[in-house]
Amino acid sequence: MNTSPTAHLEKMAIGKLDHIDLVVVRLPFVAPFGTSVYTWTHKEALLLKLESNGLIAWGECVADPDPFYFYETTGTARHIIKDFLLPLVEPGITLAELETRFCHVRGHGMAKATVENALINLIATQKGVPLHQVLGRPAKKIMSGISIGLKDSPAELIAAVEKAVAKKYHRIKIKVKKGQDIERVGAVRERFPDIRLMVDANGDYTLKDATHLRQLDAFSLMMIEQPLSYNYIYQHSILQKELKTAVCLDESIHSLADAATAIALGACRIINIKQGRVGGLMESMRIARYAADHGIDAWSGGMDETGIGRAVNIHLQTAEGFSLPGDTSETSIYFDEDIAEPCVVLDPDGYIPILPGPGIGVRVIADRLKKRSIHSERLR
Ligand code: OSB
Ligand code: MG
């Protein structure tokens, strides 16, 4: 575990791009997705389409149309990709050079990941191999996990957990917020004493709630995700000392540097790596490796992606350091009809089969894309 997990990727060169398109799609969710910060009824996603010698590769931006989970939005990502990132992409440069150039743009990891994902997907497609192979990783079955949004009643929450247990999800996450936490989690734990269970607060608490949160220690949770605000890495280090339950950071981690800070401070014992938030696949592989080297578990988060982003997250989880089940669930819990095929379906043991490729291994269905598109522009 001492060579860089991305050394081989960094040497790969970008080919020429004949066409570049940006498309914004809007898909209705099967059911509204409630969190402590917002309730989403639709998935809106900015998609980047690259075409080279007749081959097509897509990248999905994980930004929402609003800045409620994260500061980037579909609108800011479109601006940053169009006006600052794409002008830095030149045929012949390596992925290492691309990353160096992207450093000139501060932050905006979601915009950067969109371009990086599409380019690496294109490289894999050109080589005719699955994405995980370009990442340097062998195929494997991927563990599944589900994120259950806030429900109107404890009975609805129990019913949702029951459905997930029947599907054999490898771990179940439930969203919590102030006033919808201890009792609800306790009820779920009582009904399902043995499941791998965790909670996600999306930053709803403050350090003043430490004593309140300590009640969660009774429920043998795998972790509590992002209990405090997004920019409170130091405060999480204080909270972690007061809890038996492992703290997991999501919103707070934008880069390997943030992960190193959090780990050095003891702010978390687990990291949720959303590749679409930390700038892409390469930074994610570095964070996962760094975490593993420091005895910290990591897993792949999700942003309710369409089939494009979902496929990327699946391939990424073949990498070293993704030690726990992620937020990777069946397509059908989000959408009646996704824009890409095949859909993600769990096997009878709750695993997700790796997609055989080439590239991410899903194809975008033209008439579904057209039906869901709310904006489209050809940049080249
Ligand atoms: O905090 O992990 C989160 C979805 C949107 C924004 C933030 C989060 C989530 C999820 C769902 O929890 C993850 C998924 O199922 O893709
Ligand atoms: Mg989260």
# chains A, B, ... in the order shown; residues from 1 in each chain; ligands from 1

$ select_by_dssp --residues "stretch 186-295 of chain A" --states "helix (DSSP H, G or I)" --output "VMD selection string"
chain A and resid 186 to 191 207 to 219 233 to 242 256 to 265 281 to 293

$ residues_near_ligand --ligand "ligand 1" --cutoff "7 Å" --atoms "only C-alpha atoms and all ligand atoms" --output "PDB file with all heavy atoms, in the first residue's frame"
ATOM      1  N   TYR A  69     -27.699  21.389  -0.189  1.00  0.00           N
ATOM      2  CA  TYR A  69     -26.768  20.360   0.306  1.00  0.00           C
ATOM      3  C   TYR A  69     -25.337  20.855   0.180  1.00  0.00           C
ATOM      4  O   TYR A  69     -24.506  20.637   1.059  1.00  0.00           O
ATOM      5  CB  TYR A  69     -26.954  19.041  -0.465  1.00  0.00           C
ATOM      6  CG  TYR A  69     -25.778  18.095  -0.294  1.00  0.00           C
ATOM      7  CD1 TYR A  69     -25.635  17.334   0.865  1.00  0.00           C
ATOM      8  CD2 TYR A  69     -24.783  18.001  -1.276  1.00  0.00           C
ATOM      9  CE1 TYR A  69     -24.527  16.497   1.041  1.00  0.00           C
ATOM     10  CE2 TYR A  69     -23.692  17.172  -1.100  1.00  0.00           C
ATOM     11  CZ  TYR A  69     -23.566  16.423   0.053  1.00  0.00           C
ATOM     12  OH  TYR A  69     -22.467  15.620   0.221  1.00  0.00           O
ATOM     13  N   ILE A 146     -28.819   1.603   1.269  1.00  0.00           N
ATOM     14  CA  ILE A 146     -29.958   2.450   0.923  1.00  0.00           C
ATOM     15  C   ILE A 146     -30.028   3.614   1.893  1.00  0.00           C
ATOM     16  O   ILE A 146     -29.676   3.480   3.065  1.00  0.00           O
ATOM     17  CB  ILE A 146     -31.270   1.623   0.919  1.00  0.00           C
ATOM     18  CG1 ILE A 146     -32.438   2.434   0.353  1.00  0.00           C
ATOM     19  CG2 ILE A 146     -31.605   1.103   2.312  1.00  0.00           C
ATOM     20  CD1 ILE A 146     -33.697   1.606   0.086  1.00  0.00           C
ATOM     21  N   SER A 147     -30.460   4.758   1.373  1.00  0.00           N
ATOM     22  CA  SER A 147     -30.644   5.954   2.181  1.00  0.00           C
ATOM     23  C   SER A 147     -32.139   6.266   2.208  1.00  0.00           C
ATOM     24  O   SER A 147     -32.715   6.597   1.181  1.00  0.00           O
ATOM     25  CB  SER A 147     -29.858   7.114   1.564  1.00  0.00           C
ATOM     26  OG  SER A 147     -30.118   8.307   2.251  1.00  0.00           O
ATOM     27  N   ASP A 200     -28.103   9.758   9.192  1.00  0.00           N
ATOM     28  CA  ASP A 200     -27.483  10.909   8.517  1.00  0.00           C
ATOM     29  C   ASP A 200     -28.272  12.158   8.888  1.00  0.00           C
ATOM     30  O   ASP A 200     -29.472  12.244   8.624  1.00  0.00           O
ATOM     31  CB  ASP A 200     -27.490  10.690   6.996  1.00  0.00           C
ATOM     32  CG  ASP A 200     -26.736  11.777   6.226  1.00  0.00           C
ATOM     33  OD1 ASP A 200     -26.222  12.717   6.858  1.00  0.00           O
ATOM     34  OD2 ASP A 200     -26.672  11.679   4.977  1.00  0.00           O
ATOM     35  N   ASN A 202     -27.247  15.402   8.013  1.00  0.00           N
ATOM     36  CA  ASN A 202     -26.964  16.528   7.116  1.00  0.00           C
ATOM     37  C   ASN A 202     -26.739  17.844   7.872  1.00  0.00           C
ATOM     38  O   ASN A 202     -27.241  18.900   7.474  1.00  0.00           O
ATOM     39  CB  ASN A 202     -28.063  16.678   6.051  1.00  0.00           C
ATOM     40  CG  ASN A 202     -28.017  15.569   5.016  1.00  0.00           C
ATOM     41  OD1 ASN A 202     -28.863  14.654   5.046  1.00  0.00           O
ATOM     42  ND2 ASN A 202     -27.054  15.579   4.130  1.00  0.00           N
ATOM     43  N   ASP A 250     -19.434  13.762   5.629  1.00  0.00           N
ATOM     44  CA  ASP A 250     -19.890  13.799   4.237  1.00  0.00           C
ATOM     45  C   ASP A 250     -19.620  15.207   3.700  1.00  0.00           C
ATOM     46  O   ASP A 250     -18.564  15.468   3.111  1.00  0.00           O
ATOM     47  CB  ASP A 250     -21.381  13.407   4.192  1.00  0.00           C
ATOM     48  CG  ASP A 250     -22.063  13.615   2.848  1.00  0.00           C
ATOM     49  OD1 ASP A 250     -21.405  14.055   1.896  1.00  0.00           O
ATOM     50  OD2 ASP A 250     -23.285  13.345   2.728  1.00  0.00           O
ATOM     51  N   GLY A 301     -20.567   7.553  -1.284  1.00  0.00           N
ATOM     52  CA  GLY A 301     -21.876   8.175  -1.114  1.00  0.00           C
ATOM     53  C   GLY A 301     -22.591   8.269  -2.450  1.00  0.00           C
ATOM     54  O   GLY A 301     -22.048   7.894  -3.500  1.00  0.00           O
ATOM     55  N   GLY A 302     -23.792   8.764  -2.403  1.00  0.00           N
ATOM     56  CA  GLY A 302     -24.564   8.943  -3.631  1.00  0.00           C
ATOM     57  C   GLY A 302     -25.279  10.275  -3.579  1.00  0.00           C
ATOM     58  O   GLY A 302     -25.390  10.893  -2.515  1.00  0.00           O
ATOM     59  N   MET A 303     -25.734  10.723  -4.733  1.00  0.00           N
ATOM     60  CA  MET A 303     -26.510  11.969  -4.823  1.00  0.00           C
ATOM     61  C   MET A 303     -27.758  11.712  -5.659  1.00  0.00           C
ATOM     62  O   MET A 303     -28.123  12.525  -6.497  1.00  0.00           O
ATOM     63  CB  MET A 303     -25.651  13.070  -5.452  1.00  0.00           C
ATOM     64  CG  MET A 303     -24.573  13.611  -4.509  1.00  0.00           C
ATOM     65  SD  MET A 303     -25.259  14.519  -3.108  1.00  0.00           S
ATOM     66  CE  MET A 303     -25.804  16.028  -3.921  1.00  0.00           C
ATOM     67  N   ASP A 304     -28.378  10.552  -5.418  1.00  0.00           N
ATOM     68  CA  ASP A 304     -29.593  10.197  -6.165  1.00  0.00           C
ATOM     69  C   ASP A 304     -29.351  10.312  -7.668  1.00  0.00           C
ATOM     70  O   ASP A 304     -30.215  10.798  -8.416  1.00  0.00           O
ATOM     71  CB  ASP A 304     -30.776  11.113  -5.802  1.00  0.00           C
ATOM     72  CG  ASP A 304     -30.979  11.278  -4.300  1.00  0.00           C
ATOM     73  OD1 ASP A 304     -30.872  10.278  -3.592  1.00  0.00           O
ATOM     74  OD2 ASP A 304     -31.234  12.419  -3.864  1.00  0.00           O
ATOM     75  N   GLU A 305     -28.169   9.888  -8.092  1.00  0.00           N
ATOM     76  CA  GLU A 305     -27.792  10.062  -9.493  1.00  0.00           C
ATOM     77  C   GLU A 305     -28.691   9.286 -10.457  1.00  0.00           C
ATOM     78  O   GLU A 305     -29.283   8.267 -10.098  1.00  0.00           O
ATOM     79  CB  GLU A 305     -26.353   9.573  -9.717  1.00  0.00           C
ATOM     80  CG  GLU A 305     -25.264  10.434  -9.091  1.00  0.00           C
ATOM     81  CD  GLU A 305     -24.855   9.980  -7.690  1.00  0.00           C
ATOM     82  OE1 GLU A 305     -25.631   9.240  -7.038  1.00  0.00           O
ATOM     83  OE2 GLU A 305     -23.768  10.372  -7.253  1.00  0.00           O
ATOM     84  N   ASP A 327     -23.950   4.334  -0.482  1.00  0.00           N
ATOM     85  CA  ASP A 327     -25.333   4.693  -0.817  1.00  0.00           C
ATOM     86  C   ASP A 327     -25.568   4.335  -2.274  1.00  0.00           C
ATOM     87  O   ASP A 327     -25.754   5.203  -3.129  1.00  0.00           O
ATOM     88  CB  ASP A 327     -25.564   6.192  -0.609  1.00  0.00           C
ATOM     89  CG  ASP A 327     -25.942   6.530   0.825  1.00  0.00           C
ATOM     90  OD1 ASP A 327     -26.369   5.621   1.558  1.00  0.00           O
ATOM     91  OD2 ASP A 327     -25.815   7.707   1.204  1.00  0.00           O
ATOM     92  N   THR A 328     -25.529   3.056  -2.584  1.00  0.00           N
ATOM     93  CA  THR A 328     -25.759   2.610  -3.956  1.00  0.00           C
ATOM     94  C   THR A 328     -26.924   1.647  -3.917  1.00  0.00           C
ATOM     95  O   THR A 328     -26.820   0.544  -3.380  1.00  0.00           O
ATOM     96  CB  THR A 328     -24.517   1.910  -4.542  1.00  0.00           C
ATOM     97  OG1 THR A 328     -23.348   2.610  -4.114  1.00  0.00           O
ATOM     98  CG2 THR A 328     -24.578   1.897  -6.052  1.00  0.00           C
ATOM     99  N   SER A 329     -28.053   2.116  -4.451  1.00  0.00           N
ATOM    100  CA  SER A 329     -29.306   1.359  -4.348  1.00  0.00           C
ATOM    101  C   SER A 329     -29.862   1.074  -5.729  1.00  0.00           C
ATOM    102  O   SER A 329     -29.372   1.572  -6.732  1.00  0.00           O
ATOM    103  CB  SER A 329     -30.343   2.150  -3.563  1.00  0.00           C
ATOM    104  OG  SER A 329     -29.740   3.037  -2.668  1.00  0.00           O
TER     105      SER A 329
END

$ closest_atom_pairs --of "stretch 257-357 of chain A" --to "stretch 25-45 of chain A" --cutoff "12 Å" --atoms "only C-alpha atoms" --output "Markdown table"
| residue | atom | partner | partner_atom | distance |
| --- | --- | --- | --- | --- |
| A:Gly276 | CA | A:Ala45 | CA | 11.9 |
| A:Met303 | CA | A:Lys43 | CA | 9.3 |
| A:Asp304 | CA | A:Lys43 | CA | 7.2 |
| A:Glu305 | CA | A:Lys43 | CA | 7.7 |
| A:Thr306 | CA | A:Ala45 | CA | 8.0 |
| A:Gly307 | CA | A:Ala45 | CA | 11.2 |
| A:Ile308 | CA | A:Ala45 | CA | 10.4 |
| A:Gly309 | CA | A:Ala45 | CA | 9.8 |
| A:Thr331 | CA | A:Val30 | CA | 10.1 |
| A:Ser332 | CA | A:Val30 | CA | 7.8 |
| A:Ile333 | CA | A:Val30 | CA | 6.6 |
| A:Tyr334 | CA | A:Phe29 | CA | 5.2 |
| A:Phe335 | CA | A:Val30 | CA | 5.3 |
| A:Asp336 | CA | A:Val30 | CA | 6.3 |
| A:Glu337 | CA | A:Leu27 | CA | 8.4 |
| A:Asp338 | CA | A:Leu27 | CA | 7.8 |
| A:Ile339 | CA | A:Leu27 | CA | 8.6 |
| A:Ala340 | CA | A:Leu27 | CA | 11.9 |

$ select_by_dssp --residues "stretch 147-261 of chain A" --states "strand (DSSP E)" --output "list in words"
Ser147, Ile148, Ile172, Lys173, Ile174, Lys175, Leu197, Met198, Val199, Asp200, Ile224, Glu225, Val247, Cys248 and Leu249 of chain A

$ closest_residue --among "A:Lys371, A:Arg378, A:His212, A:Lys175" --to "ligand 2" --atoms "only C-alpha atoms and all ligand atoms"
A:Lys175

$ residues_around --residues "A:Cys248" --least-positions-apart "4" --cutoff "7 Å" --atoms "only C-alpha atoms" --output "VMD selection string"
chain A and resid 223 to 226 268 to 272

$ closest_residue --among "A:Ile81, A:Leu369, A:Val129, A:Leu249" --to "ligand 2" --atoms "only C-alpha atoms and all ligand atoms"
A:Leu249

$ residues_around --residues "A:Asp18" --least-positions-apart "4" --cutoff "9 Å" --atoms "only C-alpha atoms" --output "PyMOL selection string"
chain A and resi 50-54+380

$ residues_around --residues "stretch 108-112 of chain A" --least-positions-apart "2" --cutoff "8 Å" --atoms "only C-alpha atoms" --output "PDB file with all heavy atoms, in the first residue's frame"
ATOM      1  N   CYS A  61     -23.064  15.582 -13.485  1.00  0.00           N
ATOM      2  CA  CYS A  61     -22.723  16.476 -12.372  1.00  0.00           C
ATOM      3  C   CYS A  61     -23.684  16.186 -11.221  1.00  0.00           C
ATOM      4  O   CYS A  61     -24.893  16.104 -11.426  1.00  0.00           O
ATOM      5  CB  CYS A  61     -22.864  17.925 -12.817  1.00  0.00           C
ATOM      6  SG  CYS A  61     -22.405  19.087 -11.524  1.00  0.00           S
ATOM      7  N   VAL A  62     -23.149  16.068  -9.997  1.00  0.00           N
ATOM      8  CA  VAL A  62     -24.018  15.714  -8.865  1.00  0.00           C
ATOM      9  C   VAL A  62     -24.668  16.936  -8.202  1.00  0.00           C
ATOM     10  O   VAL A  62     -25.442  16.785  -7.255  1.00  0.00           O
ATOM     11  CB  VAL A  62     -23.283  14.874  -7.787  1.00  0.00           C
ATOM     12  CG1 VAL A  62     -22.774  13.562  -8.369  1.00  0.00           C
ATOM     13  CG2 VAL A  62     -22.179  15.666  -7.103  1.00  0.00           C
ATOM     14  N   ALA A  63     -24.373  18.133  -8.693  1.00  0.00           N
ATOM     15  CA  ALA A  63     -24.975  19.332  -8.089  1.00  0.00           C
ATOM     16  C   ALA A  63     -26.493  19.310  -8.265  1.00  0.00           C
ATOM     17  O   ALA A  63     -27.012  18.848  -9.279  1.00  0.00           O
ATOM     18  CB  ALA A  63     -24.395  20.584  -8.733  1.00  0.00           C
ATOM     19  N   GLU A  72     -22.369  24.347  -4.720  1.00  0.00           N
ATOM     20  CA  GLU A  72     -22.494  24.329  -6.182  1.00  0.00           C
ATOM     21  C   GLU A  72     -23.935  24.018  -6.587  1.00  0.00           C
ATOM     22  O   GLU A  72     -24.659  23.315  -5.881  1.00  0.00           O
ATOM     23  CB  GLU A  72     -21.563  23.282  -6.793  1.00  0.00           C
ATOM     24  CG  GLU A  72     -20.095  23.586  -6.609  1.00  0.00           C
ATOM     25  CD  GLU A  72     -19.217  22.548  -7.285  1.00  0.00           C
ATOM     26  OE1 GLU A  72     -19.082  22.595  -8.531  1.00  0.00           O
ATOM     27  OE2 GLU A  72     -18.662  21.697  -6.569  1.00  0.00           O
ATOM     28  N   ALA A  77     -22.272  25.058 -11.922  1.00  0.00           N
ATOM     29  CA  ALA A  77     -21.451  24.023 -12.566  1.00  0.00           C
ATOM     30  C   ALA A  77     -21.404  24.254 -14.076  1.00  0.00           C
ATOM     31  O   ALA A  77     -20.349  24.134 -14.707  1.00  0.00           O
ATOM     32  CB  ALA A  77     -21.995  22.636 -12.251  1.00  0.00           C
ATOM     33  N   ARG A  78     -22.547  24.643 -14.653  1.00  0.00           N
ATOM     34  CA  ARG A  78     -22.592  24.910 -16.087  1.00  0.00           C
ATOM     35  C   ARG A  78     -21.645  26.060 -16.438  1.00  0.00           C
ATOM     36  O   ARG A  78     -20.867  25.989 -17.392  1.00  0.00           O
ATOM     37  CB  ARG A  78     -24.028  25.274 -16.464  1.00  0.00           C
ATOM     38  CG  ARG A  78     -24.368  25.001 -17.907  1.00  0.00           C
ATOM     39  CD  ARG A  78     -25.852  25.267 -18.121  1.00  0.00           C
ATOM     40  NE  ARG A  78     -26.031  26.400 -19.013  1.00  0.00           N
ATOM     41  CZ  ARG A  78     -27.100  27.180 -19.006  1.00  0.00           C
ATOM     42  NH1 ARG A  78     -28.085  26.977 -18.150  1.00  0.00           N
ATOM     43  NH2 ARG A  78     -27.188  28.173 -19.842  1.00  0.00           N
ATOM     44  N   ILE A  80     -18.996  27.171 -14.635  1.00  0.00           N
ATOM     45  CA  ILE A  80     -17.579  26.821 -14.391  1.00  0.00           C
ATOM     46  C   ILE A  80     -17.073  25.851 -15.478  1.00  0.00           C
ATOM     47  O   ILE A  80     -15.958  26.011 -15.990  1.00  0.00           O
ATOM     48  CB  ILE A  80     -17.400  26.224 -12.975  1.00  0.00           C
ATOM     49  CG1 ILE A  80     -17.741  27.268 -11.894  1.00  0.00           C
ATOM     50  CG2 ILE A  80     -15.990  25.682 -12.779  1.00  0.00           C
ATOM     51  CD1 ILE A  80     -16.799  28.457 -11.802  1.00  0.00           C
ATOM     52  N   ILE A  81     -17.904  24.876 -15.834  1.00  0.00           N
ATOM     53  CA  ILE A  81     -17.476  23.899 -16.856  1.00  0.00           C
ATOM     54  C   ILE A  81     -17.249  24.601 -18.200  1.00  0.00           C
ATOM     55  O   ILE A  81     -16.210  24.442 -18.841  1.00  0.00           O
ATOM     56  CB  ILE A  81     -18.535  22.772 -17.008  1.00  0.00           C
ATOM     57  CG1 ILE A  81     -18.541  21.884 -15.761  1.00  0.00           C
ATOM     58  CG2 ILE A  81     -18.282  21.939 -18.264  1.00  0.00           C
ATOM     59  CD1 ILE A  81     -19.683  20.875 -15.713  1.00  0.00           C
ATOM     60  N   LEU A  85     -13.388  25.358 -17.161  1.00  0.00           N
ATOM     61  CA  LEU A  85     -12.762  24.032 -17.194  1.00  0.00           C
ATOM     62  C   LEU A  85     -12.544  23.525 -18.618  1.00  0.00           C
ATOM     63  O   LEU A  85     -11.428  23.118 -18.968  1.00  0.00           O
ATOM     64  CB  LEU A  85     -13.582  23.020 -16.372  1.00  0.00           C
ATOM     65  CG  LEU A  85     -13.742  23.348 -14.886  1.00  0.00           C
ATOM     66  CD1 LEU A  85     -14.616  22.303 -14.189  1.00  0.00           C
ATOM     67  CD2 LEU A  85     -12.384  23.447 -14.185  1.00  0.00           C
ATOM     68  N   PHE A 102      -6.715  22.193 -13.562  1.00  0.00           N
ATOM     69  CA  PHE A 102      -7.972  22.400 -12.827  1.00  0.00           C
ATOM     70  C   PHE A 102      -7.734  23.049 -11.460  1.00  0.00           C
ATOM     71  O   PHE A 102      -8.616  23.712 -10.923  1.00  0.00           O
ATOM     72  CB  PHE A 102      -8.729  21.076 -12.665  1.00  0.00           C
ATOM     73  CG  PHE A 102      -9.575  20.677 -13.864  1.00  0.00           C
ATOM     74  CD1 PHE A 102      -9.453  21.339 -15.085  1.00  0.00           C
ATOM     75  CD2 PHE A 102     -10.506  19.644 -13.768  1.00  0.00           C
ATOM     76  CE1 PHE A 102     -10.231  20.980 -16.188  1.00  0.00           C
ATOM     77  CE2 PHE A 102     -11.296  19.283 -14.853  1.00  0.00           C
ATOM     78  CZ  PHE A 102     -11.151  19.940 -16.066  1.00  0.00           C
ATOM     79  N   VAL A 105      -8.564  26.651 -10.797  1.00  0.00           N
ATOM     80  CA  VAL A 105      -9.944  26.985 -10.416  1.00  0.00           C
ATOM     81  C   VAL A 105     -10.142  26.494  -8.983  1.00  0.00           C
ATOM     82  O   VAL A 105      -9.985  25.305  -8.703  1.00  0.00           O
ATOM     83  CB  VAL A 105     -10.964  26.290 -11.350  1.00  0.00           C
ATOM     84  CG1 VAL A 105     -12.395  26.505 -10.864  1.00  0.00           C
ATOM     85  CG2 VAL A 105     -10.801  26.791 -12.789  1.00  0.00           C
ATOM     86  N   ARG A 106     -10.435  27.397  -8.071  1.00  0.00           N
ATOM     87  CA  ARG A 106     -10.587  27.003  -6.668  1.00  0.00           C
ATOM     88  C   ARG A 106     -11.960  26.398  -6.407  1.00  0.00           C
ATOM     89  O   ARG A 106     -12.975  26.956  -6.827  1.00  0.00           O
ATOM     90  CB  ARG A 106     -10.358  28.208  -5.762  1.00  0.00           C
ATOM     91  CG  ARG A 106      -8.925  28.671  -5.866  1.00  0.00           C
ATOM     92  CD  ARG A 106      -8.588  29.723  -4.860  1.00  0.00           C
ATOM     93  NE  ARG A 106      -7.163  30.030  -4.949  1.00  0.00           N
ATOM     94  CZ  ARG A 106      -6.559  30.912  -4.183  1.00  0.00           C
ATOM     95  NH1 ARG A 106      -7.241  31.587  -3.285  1.00  0.00           N
ATOM     96  NH2 ARG A 106      -5.266  31.128  -4.322  1.00  0.00           N
ATOM     97  N   THR A 114     -17.398  16.313 -13.081  1.00  0.00           N
ATOM     98  CA  THR A 114     -18.208  16.067 -14.285  1.00  0.00           C
ATOM     99  C   THR A 114     -17.304  15.901 -15.503  1.00  0.00           C
ATOM    100  O   THR A 114     -17.462  14.965 -16.292  1.00  0.00           O
ATOM    101  CB  THR A 114     -19.169  17.255 -14.526  1.00  0.00           C
ATOM    102  OG1 THR A 114     -19.848  17.542 -13.302  1.00  0.00           O
ATOM    103  CG2 THR A 114     -20.165  16.947 -15.624  1.00  0.00           C
ATOM    104  N   VAL A 115     -16.352  16.817 -15.639  1.00  0.00           N
ATOM    105  CA  VAL A 115     -15.433  16.775 -16.786  1.00  0.00           C
ATOM    106  C   VAL A 115     -14.495  15.576 -16.662  1.00  0.00           C
ATOM    107  O   VAL A 115     -14.296  14.829 -17.624  1.00  0.00           O
ATOM    108  CB  VAL A 115     -14.629  18.101 -16.877  1.00  0.00           C
ATOM    109  CG1 VAL A 115     -13.669  18.048 -18.059  1.00  0.00           C
ATOM    110  CG2 VAL A 115     -15.573  19.292 -16.993  1.00  0.00           C
ATOM    111  N   GLU A 116     -13.941  15.391 -15.479  1.00  0.00           N
ATOM    112  CA  GLU A 116     -13.022  14.256 -15.243  1.00  0.00           C
ATOM    113  C   GLU A 116     -13.716  12.919 -15.517  1.00  0.00           C
ATOM    114  O   GLU A 116     -13.189  12.046 -16.205  1.00  0.00           O
ATOM    115  CB  GLU A 116     -12.506  14.314 -13.797  1.00  0.00           C
ATOM    116  CG  GLU A 116     -11.394  13.306 -13.491  1.00  0.00           C
ATOM    117  CD  GLU A 116     -11.787  12.275 -12.461  1.00  0.00           C
ATOM    118  OE1 GLU A 116     -12.964  11.866 -12.440  1.00  0.00           O
ATOM    119  OE2 GLU A 116     -10.905  11.884 -11.670  1.00  0.00           O
ATOM    120  N   HIS A 254     -14.132  17.883   1.024  1.00  0.00           N
ATOM    121  CA  HIS A 254     -14.128  18.328  -0.375  1.00  0.00           C
ATOM    122  C   HIS A 254     -12.889  17.859  -1.118  1.00  0.00           C
ATOM    123  O   HIS A 254     -12.751  18.123  -2.310  1.00  0.00           O
ATOM    124  CB  HIS A 254     -14.164  19.858  -0.462  1.00  0.00           C
ATOM    125  CG  HIS A 254     -15.321  20.489   0.235  1.00  0.00           C
ATOM    126  ND1 HIS A 254     -15.608  21.825   0.132  1.00  0.00           N
ATOM    127  CD2 HIS A 254     -16.271  19.972   1.046  1.00  0.00           C
ATOM    128  CE1 HIS A 254     -16.676  22.101   0.850  1.00  0.00           C
ATOM    129  NE2 HIS A 254     -17.090  21.001   1.421  1.00  0.00           N
ATOM    130  N   GLY A 276     -18.376  12.660  -6.927  1.00  0.00           N
ATOM    131  CA  GLY A 276     -18.879  13.837  -7.619  1.00  0.00           C
ATOM    132  C   GLY A 276     -18.741  15.124  -6.822  1.00  0.00           C
ATOM    133  O   GLY A 276     -18.947  16.201  -7.345  1.00  0.00           O
ATOM    134  N   ARG A 277     -18.401  15.017  -5.535  1.00  0.00           N
ATOM    135  CA  ARG A 277     -18.236  16.205  -4.694  1.00  0.00           C
ATOM    136  C   ARG A 277     -16.769  16.556  -4.470  1.00  0.00           C
ATOM    137  O   ARG A 277     -16.415  17.705  -4.271  1.00  0.00           O
ATOM    138  CB  ARG A 277     -18.911  15.944  -3.336  1.00  0.00           C
ATOM    139  CG  ARG A 277     -18.886  17.108  -2.347  1.00  0.00           C
ATOM    140  CD  ARG A 277     -19.211  16.618  -0.923  1.00  0.00           C
ATOM    141  NE  ARG A 277     -18.184  15.728  -0.442  1.00  0.00           N
ATOM    142  CZ  ARG A 277     -18.398  14.549   0.140  1.00  0.00           C
ATOM    143  NH1 ARG A 277     -19.612  14.118   0.353  1.00  0.00           N
ATOM    144  NH2 ARG A 277     -17.381  13.807   0.512  1.00  0.00           N
ATOM    145  N   VAL A 278     -15.892  15.542  -4.504  1.00  0.00           N
ATOM    146  CA  VAL A 278     -14.477  15.784  -4.186  1.00  0.00           C
ATOM    147  C   VAL A 278     -13.617  16.017  -5.427  1.00  0.00           C
ATOM    148  O   VAL A 278     -12.391  16.025  -5.341  1.00  0.00           O
ATOM    149  CB  VAL A 278     -13.871  14.635  -3.335  1.00  0.00           C
ATOM    150  CG1 VAL A 278     -14.624  14.475  -2.032  1.00  0.00           C
ATOM    151  CG2 VAL A 278     -13.839  13.314  -4.108  1.00  0.00           C
ATOM    152  N   GLY A 279     -14.246  16.201  -6.583  1.00  0.00           N
ATOM    153  CA  GLY A 279     -13.476  16.523  -7.785  1.00  0.00           C
ATOM    154  C   GLY A 279     -13.267  15.353  -8.722  1.00  0.00           C
ATOM    155  O   GLY A 279     -12.636  15.500  -9.759  1.00  0.00           O
ATOM    156  N   GLY A 280     -13.762  14.177  -8.348  1.00  0.00           N
ATOM    157  CA  GLY A 280     -13.724  13.069  -9.298  1.00  0.00           C
ATOM    158  C   GLY A 280     -13.159  11.780  -8.769  1.00  0.00           C
ATOM    159  O   GLY A 280     -12.923  11.605  -7.572  1.00  0.00           O
TER     160      GLY A 280
END

$ residues_around --residues "A:Lys49" --least-positions-apart "3" --cutoff "6 Å" --atoms "only C-alpha atoms" --output "ChimeraX atom specification"
/A:20-21,57-58

$ write_last_selection --atoms "N, CA and C atoms" --output "compact mmCIF listing (two decimals), in the first residue's frame"
# COMPACT_ATOMS: atom_id res chain seq x y z
N ILE A 20 -19.02 18.54 -28.06
CA ILE A 20 -19.26 18.65 -26.61
C ILE A 20 -20.65 19.24 -26.41
N ASP A 21 -21.47 18.55 -25.65
CA ASP A 21 -22.82 19.05 -25.36
C ASP A 21 -23.07 19.09 -23.86
N ALA A 57 -19.17 9.51 -24.71
CA ALA A 57 -19.03 9.27 -23.26
C ALA A 57 -19.73 10.39 -22.51
N TRP A 58 -20.43 9.99 -21.44
CA TRP A 58 -21.19 10.96 -20.63
C TRP A 58 -20.54 11.15 -19.26

$ closest_residue --among "A:Leu265, A:Leu46, A:Ile14, A:Leu95" --to "A:Ile374" --atoms "only C-alpha atoms"
A:Leu46
